Every structure is written in structure tokens, then in C-alpha cells.
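Enquirer: Sharing a structure with you now.
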Amino acid sequence: MHDHDSHCIFCRIAKGEIPSRKVYEDEELFAFHDINPAAPVHFLLIPKQHIASMAQVTDEHAPLLGRMLALVPRLALEQGCKPFPDGGFRIMVNTGDEGGQEVHHLHLHVMGGPRPWRKG
Ligand code: 5GP
Ligand code: ZN
């Protein structure tokens with residue numbers, strides 16, 4: 001598997017080749033608003049490294065995934081999620097066809113805000 005896949009839409013977004021509404025960027029990670037939000041706050045957090053899905057994740061990715069998860073509380077607050085416990089957010093990682101994954105580059109959905117959206 002290549003580090004960056006020139007045909008992968010999320011690799012291209014992380015490299016700035018396709019525009020997005022950026023939420024965060026550092027050397028390893030990139031976050032941007034979902035183009036079709038399912039909640040008042042809905043952004044995607046991805047590794048810049050091309051990992052196809054959670055199904056490809058192994059121990060070697062643990063520090064990277066740890067960093068991704070640890071970043072979520074800060075970004076969620078910055079994007080307008082109210083603090084815990086009244087506010088909060090949901091993290092979702094769709095994996096594979098039967099897991100509802102459409103873009104084959106690992107991404108965390110972070111969703112929050114007042115919810116008309118369904119629990120379940
Ligand atoms: P999945 O179903 O793979 O978990 O989620 C893919 C998400 O990426 C969807 O929520 C979809 O709206 C979002 N998405 C797909 N293409 C683009 C794009 O070009 N730009 C942005 N910002 N979001 C995208
Ligand atoms: Zn990619």
C-alpha cells in the first residue's frame with residue numbers, strides 16, 4: 001500500500017489538491033467539514049497517510065490512532081459542540097461495504113450539536 005494514493009479523494013483533500021473547509025492540520029493529521037453534514041457539527045478527521053480503513057489497522061498504527069482520538073475533544077469544542085455532559089459528540093468509523101464505508105481512506109466522523117439526528 002502506498003503512503004499517498006493519487007486517486008484517493010481524501011489523500012487529495014489532505015494535500016490541498018481538492019478544496020475543503022479545513023478544521024485542523026498537522027504533520028500527520030487533517031480534519032475538514034463533511035460536504036454533506038448529518039449533524040449541526042460534522043467533520044472528518046483523517047491520517048495524511050493512506051490507510052484504506054479500520055480493517056487495515058495494526059499495532060503499528062496505535063500511536064497515530066491514539067493521537068487522532070485524543071485530538072477529538074479539542075476540535076469538537078472548537079467547532080461548537082457544547083461541553084460534556086450536556087453537549088458532547090459522536091465518533092463514527094464506517095468500515096467496509098457492510099460497515100457503510102464509501103470513501104476508502106480511514107476517517108473518523110465527528111458529529112455533534114443539538115440533535116434532530118437519530119441515536120442508534
Ligand atoms: P463514509 O460513508 O465513507 O464513512 O463517509 C464518507 C463521508 O465523506 C460522507 O459523509 C461524505 O459526505 C463525505 N465526503 C465525500 N466526498 C467528500 C468531499 O469531496 N469533500 C468533503 N468535505 N466530504 C466528502
Ligand atoms: Zn487516501
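Letters A, B, ... mark the chains of the C-alpha cells in the order given; residue numbers begin at 1 per chain; ligand numbers begin at 1, in order shown.
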Considering only C-alpha atoms, return as a VMD selection string whatever protein or nucleic-acid residues lie within 12 Å of stretch 19-21 of chain A, sequence-local ones (same chain, fewer than 3 positions apart) excluded.
Expert: chain A and resid 9 to 16 24 to 25 30 to 36 42 to 44 79
Enquirer: Need the shell around A:Ala76: protein/DNA/RNA residues with any atom at most 12 Å away, counting only C-alpha atoms. Skip same-chain ones fewer than 3 positions apart. Format as a PDB file with C-alpha atoms, in the first residue's frame?
Expert:
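In the end it all went to part_0.pdb:
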```pdb
ATOM      1  CA  VAL A  23     -10.768  22.314  10.580  1.00  0.00           C
ATOM      2  CA  TYR A  24      -7.249  21.261  11.589  1.00  0.00           C
ATOM      3  CA  ALA A  31      -9.616  17.480   9.557  1.00  0.00           C
ATOM      4  CA  PHE A  32     -12.301  19.084   7.377  1.00  0.00           C
ATOM      5  CA  HIS A  33     -16.051  19.625   7.310  1.00  0.00           C
ATOM      6  CA  PRO A  40     -25.079  20.520  13.019  1.00  0.00           C
ATOM      7  CA  VAL A  41     -21.374  19.843  13.644  1.00  0.00           C
ATOM      8  CA  HIS A  42     -19.949  17.199  11.309  1.00  0.00           C
ATOM      9  CA  PHE A  43     -16.307  16.997  10.396  1.00  0.00           C
ATOM     10  CA  LEU A  44     -13.946  14.232   9.306  1.00  0.00           C
ATOM     11  CA  LEU A  45     -10.547  13.549  10.848  1.00  0.00           C
ATOM     12  CA  LEU A  69      -8.762  10.162  19.201  1.00  0.00           C
ATOM     13  CA  ALA A  70      -7.017  12.456  21.665  1.00  0.00           C
ATOM     14  CA  LEU A  71      -7.493  15.398  19.308  1.00  0.00           C
ATOM     15  CA  VAL A  72     -11.261  15.000  19.017  1.00  0.00           C
ATOM     16  CA  PRO A  73     -12.367  16.663  22.293  1.00  0.00           C
ATOM     17  CA  GLN A  79     -16.338  23.508  16.162  1.00  0.00           C
ATOM     18  CA  GLY A  80     -19.173  24.369  18.513  1.00  0.00           C
ATOM     19  CA  CYS A  81     -20.069  21.184  20.341  1.00  0.00           C
ATOM     20  CA  LYS A  82     -21.159  22.072  23.857  1.00  0.00           C
ATOM     21  CA  PRO A  83     -19.120  20.662  26.747  1.00  0.00           C
ATOM     22  CA  PHE A  84     -19.775  17.297  28.347  1.00  0.00           C
ATOM     23  CA  GLY A  87     -23.271  18.684  24.829  1.00  0.00           C
ATOM     24  CA  GLY A  88     -20.777  16.115  23.629  1.00  0.00           C
ATOM     25  CA  PHE A  89     -20.303  14.431  20.286  1.00  0.00           C
ATOM     26  CA  ARG A  90     -20.352  11.115  18.492  1.00  0.00           C
ATOM     27  CA  ILE A  91     -17.360   9.449  16.825  1.00  0.00           C
ATOM     28  CA  HIS A 109     -16.731  11.154  11.632  1.00  0.00           C
ATOM     29  CA  VAL A 110     -17.194  13.597  14.497  1.00  0.00           C
ATOM     30  CA  MET A 111     -20.809  14.700  14.891  1.00  0.00           C
ATOM     31  CA  GLY A 112     -22.451  16.921  17.446  1.00  0.00           C
ATOM     32  CA  GLY A 113     -24.655  19.877  18.110  1.00  0.00           C
TER      33      GLY A 113
END
```
Enquirer: Please check which protein, DNA or RNA residues sit within 9 Å of ligand 2, counting only C-alpha atoms and all ligand atoms, and write them as a PDB file with C-alpha atoms, in the first residue's frame.
Expert:
```
ATOM      1  CA  HIS A   2       1.294   3.450  -0.910  1.00  0.00           C
ATOM      2  CA  ASP A   3       1.622   6.250   1.603  1.00  0.00           C
ATOM      3  CA  HIS A   4      -0.388   8.503  -0.654  1.00  0.00           C
ATOM      4  CA  ASP A   5      -2.763   7.355  -3.336  1.00  0.00           C
ATOM      5  CA  SER A   6      -3.100   9.895  -6.142  1.00  0.00           C
ATOM      6  CA  HIS A   7      -6.565   8.564  -6.943  1.00  0.00           C
ATOM      7  CA  CYS A   8      -7.819   8.776  -3.356  1.00  0.00           C
ATOM      8  CA  ILE A   9     -10.117  11.732  -2.784  1.00  0.00           C
ATOM      9  CA  PHE A  10      -9.141  12.125   0.886  1.00  0.00           C
ATOM     10  CA  CYS A  11      -5.391  11.955   0.101  1.00  0.00           C
ATOM     11  CA  ARG A  12      -6.029  14.717  -2.420  1.00  0.00           C
ATOM     12  CA  ILE A  13      -8.006  16.776   0.118  1.00  0.00           C
ATOM     13  CA  ALA A  14      -5.194  16.370   2.694  1.00  0.00           C
ATOM     14  CA  ILE A  46      -8.071  11.586   8.738  1.00  0.00           C
ATOM     15  CA  PRO A  47      -4.440  10.499   8.832  1.00  0.00           C
ATOM     16  CA  LYS A  48      -2.436  12.013   5.965  1.00  0.00           C
ATOM     17  CA  GLN A  49      -1.012   8.545   5.442  1.00  0.00           C
ATOM     18  CA  HIS A  50      -3.277   6.485   3.193  1.00  0.00           C
ATOM     19  CA  ILE A  51      -4.797   3.705   5.292  1.00  0.00           C
ATOM     20  CA  ALA A  52      -7.781   2.222   3.467  1.00  0.00           C
ATOM     21  CA  VAL A 103     -14.506   6.548   0.873  1.00  0.00           C
ATOM     22  CA  HIS A 104     -11.668   4.057   1.273  1.00  0.00           C
ATOM     23  CA  HIS A 105      -9.338   6.249   3.319  1.00  0.00           C
ATOM     24  CA  LEU A 106      -9.637   5.852   7.077  1.00  0.00           C
TER      25      LEU A 106
END
```
Enquirer: So which residues touch A:Val93 within 9 Å, counting only C-alpha atoms, skipping near sequence neighbours fewer than 2 positions away, as a PyMOL selection string?
Expert: chain A and resi 53-54+91+95+99+101+106-109
Enquirer: Would you export the selected residues with N, CA and C atoms as a PDB file, in the first residue's frame, please?
Expert:
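Full text of part_31.pdb as output:
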```pdb
ATOM      1  N   SER A  53      -8.813   1.613   5.567  1.00  0.00           N
ATOM      2  CA  SER A  53      -9.934   1.560   6.507  1.00  0.00           C
ATOM      3  C   SER A  53      -9.442   1.085   7.861  1.00  0.00           C
ATOM      4  N   MET A  54     -10.340   1.016   8.824  1.00  0.00           N
ATOM      5  CA  MET A  54     -10.004   0.475  10.137  1.00  0.00           C
ATOM      6  C   MET A  54      -9.600  -0.992  10.044  1.00  0.00           C
ATOM      7  N   ILE A  91     -18.432   9.831  17.742  1.00  0.00           N
ATOM      8  CA  ILE A  91     -17.360   9.449  16.825  1.00  0.00           C
ATOM      9  C   ILE A  91     -17.808   8.187  16.102  1.00  0.00           C
ATOM     10  N   THR A  95     -16.625   1.055   8.233  1.00  0.00           N
ATOM     11  CA  THR A  95     -15.539   0.194   7.745  1.00  0.00           C
ATOM     12  C   THR A  95     -16.071  -0.862   6.790  1.00  0.00           C
ATOM     13  N   GLY A  99     -20.087  -2.090   6.476  1.00  0.00           N
ATOM     14  CA  GLY A  99     -19.973  -1.100   7.548  1.00  0.00           C
ATOM     15  C   GLY A  99     -20.356   0.295   7.087  1.00  0.00           C
ATOM     16  N   GLN A 101     -18.988   2.108   4.625  1.00  0.00           N
ATOM     17  CA  GLN A 101     -17.879   2.979   4.205  1.00  0.00           C
ATOM     18  C   GLN A 101     -17.946   3.247   2.712  1.00  0.00           C
ATOM     19  N   LEU A 106      -9.174   5.832   5.687  1.00  0.00           N
ATOM     20  CA  LEU A 106      -9.637   5.852   7.077  1.00  0.00           C
ATOM     21  C   LEU A 106     -10.041   7.253   7.530  1.00  0.00           C
ATOM     22  N   HIS A 107     -11.226   7.370   8.099  1.00  0.00           N
ATOM     23  CA  HIS A 107     -11.681   8.665   8.614  1.00  0.00           C
ATOM     24  C   HIS A 107     -12.590   8.482   9.806  1.00  0.00           C
ATOM     25  N   LEU A 108     -12.433   9.371  10.774  1.00  0.00           N
ATOM     26  CA  LEU A 108     -13.367   9.441  11.891  1.00  0.00           C
ATOM     27  C   LEU A 108     -14.399  10.503  11.553  1.00  0.00           C
ATOM     28  N   HIS A 109     -15.677  10.141  11.653  1.00  0.00           N
ATOM     29  CA  HIS A 109     -16.731  11.154  11.632  1.00  0.00           C
ATOM     30  C   HIS A 109     -16.863  11.683  13.049  1.00  0.00           C
TER      31      HIS A 109
END
```
Enquirer: If I take atom CA of A:Leu65 and atom CA of A:Leu29, how far is one from the other in Å, to one decimal?
Expert: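 Rounded to one decimal, the two atoms are 9.9 Å apart.
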Enquirer: Taking only C-alpha atoms and all ligand atoms into account, name the residue in A:His61, A:Leu77, A:Ala39, A:Glu28 that is nearest to ligand 1.
Expert: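 Checking each candidate against ligand 1, we get A:Ala39 as the closest.
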Enquirer: Suppose you want the space between atom 3 (O, counted along the ligand's line) of ligand 1 and atom CA of A:Pro37; what is it in Å?
Expert: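 According to the coordinates, atom 3 (O, counted along the ligand's line) of ligand 1 and atom CA of A:Pro37 are separated by 12.6 Å.
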Enquirer: Take atom 12 (O, counted along the ligand's line) of ligand 1 and atom CA of A:Glu98 and report the distance between them in Å, one decimal.
Expert: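 About the pair atom 12 (O, counted along the ligand's line) of ligand 1 and atom CA of A:Glu98: they are 17.1 Å apart.
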